[in-house]
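Take a look at the structure set out below.
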Amino acid sequence: MSCILDRNKPDWKAYALGEMAPAVRREAETHASACQECHAELAATRITLDALSTLREEEMPRRIAFVSDKVFEPRWWQRFSPRFSFAGAGLVAAAILVHAFVRPISVPMASQNPAALETQIRAQVQSQIGAEIDRQVQQRVAAQLSSAIESAVTKAVAETQKQEGERTVKLLAAAERRYAESADILNKQVGLMYAMNTGAGAR
Amino acid sequence: MIFREVEDRDLIAKARQGEVEAYNLLVSRWEKRIFNYLLRLVSNREDALDLSQDVFLKAYQNLPKLDDPGRFAPWLFRIAHNEAFSWLRRKRPETELAEEPRPANLGARMMPIELSLAVESALKILSDDQREAVLLKVYQGFKFDEMAEILDCPVSTVKSRLYTALDLLKTALAPSILPKEAVRGQS
């Protein structure tokens with residue numbers, strides 16, 4: 001049996017998908033209870049949607065690794081407002097550096113609490129300054145330490161070289177002395193042998 | 001859903017102020033939905049995962065441009081849609097004939113897992129546009145106007161794609177979902 005509404009019959013897909021306005025929906029339900037064709041069409045659409053709903057949701061192979069990396073973090077000045085320009089942030093930062101410890105800050109941002117903003121800005125400026133000081137101190141300490149080590153090594157090498165030199169001189173002197181003594185003994189022995197052979201010693 | 005929106009709004013506000021953990025929480029709330037949406041479009045788990053990663057990175061970078069945090073879901077899916085279709089264009093040039101797998105004819109009275117597989121196959125018969133319309137409506141529960149926003153097209157186009165897709169799916173799934181009596185009558 002064909003639908004008496006023909007082309008004006010309710011949009012059963014919209015009905016099944018929950019996209020029909022409540023008033024129209026009630027009218028459609030009344031019609032479907034009396035129209036076999038529409039009833040069948042609605043049933044078929046519902047069965048199809050039920051079948052589609054059996055598709056299981058896939059588990060992710062692994063979680064999305066995201067922005068724990070510092071590279072992704074916005075700069076401290078970007079945190080005040082998502083649309084804060086670089087120049088604006090620079091100006092505010094300069095103003096903060098001058099006035100931070102003198103008087104309360106008045107930043108023209110209606111969307112944030114001024115007191116909280118001031119606290120946040122102070123904390124961030126102090127944190128920046130602290131980090132800069134730490135960096136410079138670390139650099140200086142490293143430079144001084146490096147210089148001290150180099151100096152100590154140079155001194156130790158010179159000391160060692162000096163000691164080695166003195167020791168070499170002593171060894172050379174002792175060797176020359178022993179050589180001179182050996183040469184003297186050898187001369188005496190040669191002289192004695194000559195005397196014995198020639199009989200010069202007996203006369 | 002309303003509570004979820006409220007919490008999302010709060011997380012978005014915090015993420016905009018640079019709280020990375022708030023954004024990570026936002027990612028953990030949406031990653032599975034985005035992943036499944038992309039998976040059904042690109043049909044590859046690793047590609048879907050890579051695309052999901054790109055989607056959340058782009059969303060993070062563009063978070064300041066989100067005018068209404070209450071529209072986060074359509075906005076996020078719009079990014080996902082752009083990523084997916086950009087990927088599909090790269091991977092499937094227009095000259096290439098799209099492979100059209102046929103649905104598995106598993107017969108009537110299936111087990112849920114078998115029916116699920118039949119649905120998975122049947123979805124692959126659809127064009128990318130039609131399949132996406134089904135995914136956004138049936139699996140993600142978006143309204144027609146939200147789908148139009150995501151797909152950047154009129155509501156009439158959304159309805160046309162979706163209705164055609166449902167007709168195709170009804171035909172493709174008929175052997176799997178017909179009542180027992182009808183199957184007996186056919187045999």
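Ordering of the structure tokens sets the chain letters (A, B, ...), residue numbers begin anew at 1 in every chain, and ligands are numbered from 1 in the order given.
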Tell me, counting only C-alpha atoms, for each residue of chain B within 7 Å of chain A, which pair of atoms is nearest and how far apart they are in Å to one decimal, in rows ordered by chain and increasing number, as CSV.
residue,atom,partner,partner_atom,distance
B:Arg16,CA,A:Pro82,CA,5.9
B:Gln17,CA,A:Arg79,CA,4.4
B:Gly18,CA,A:Arg79,CA,5.4
B:Val20,CA,A:Val67,CA,6.4
B:Asn24,CA,A:Phe66,CA,6.7
B:Lys32,CA,A:Met60,CA,6.5
B:Asn36,CA,A:Glu58,CA,6.3
B:Gln53,CA,A:Ile64,CA,6.1
B:Pro64,CA,A:Pro82,CA,5.3
B:Pro112,CA,A:Thr54,CA,6.5
B:Leu115,CA,A:Thr54,CA,6.8
B:Ser116,CA,A:Leu55,CA,4.4
B:Val119,CA,A:Leu52,CA,6.0
B:Glu120,CA,A:Leu55,CA,6.8
B:Lys170,CA,A:Thr48,CA,5.6
Requested in this report: Find the spatial neighbours of Ala165 (chain B), counting only C-alpha atoms, within a cut-off of 6 Å - ignore same-chain residues fewer than 3 positions away - and output them as a ChimeraX atom specification.
Outcome: /B:130,162,168
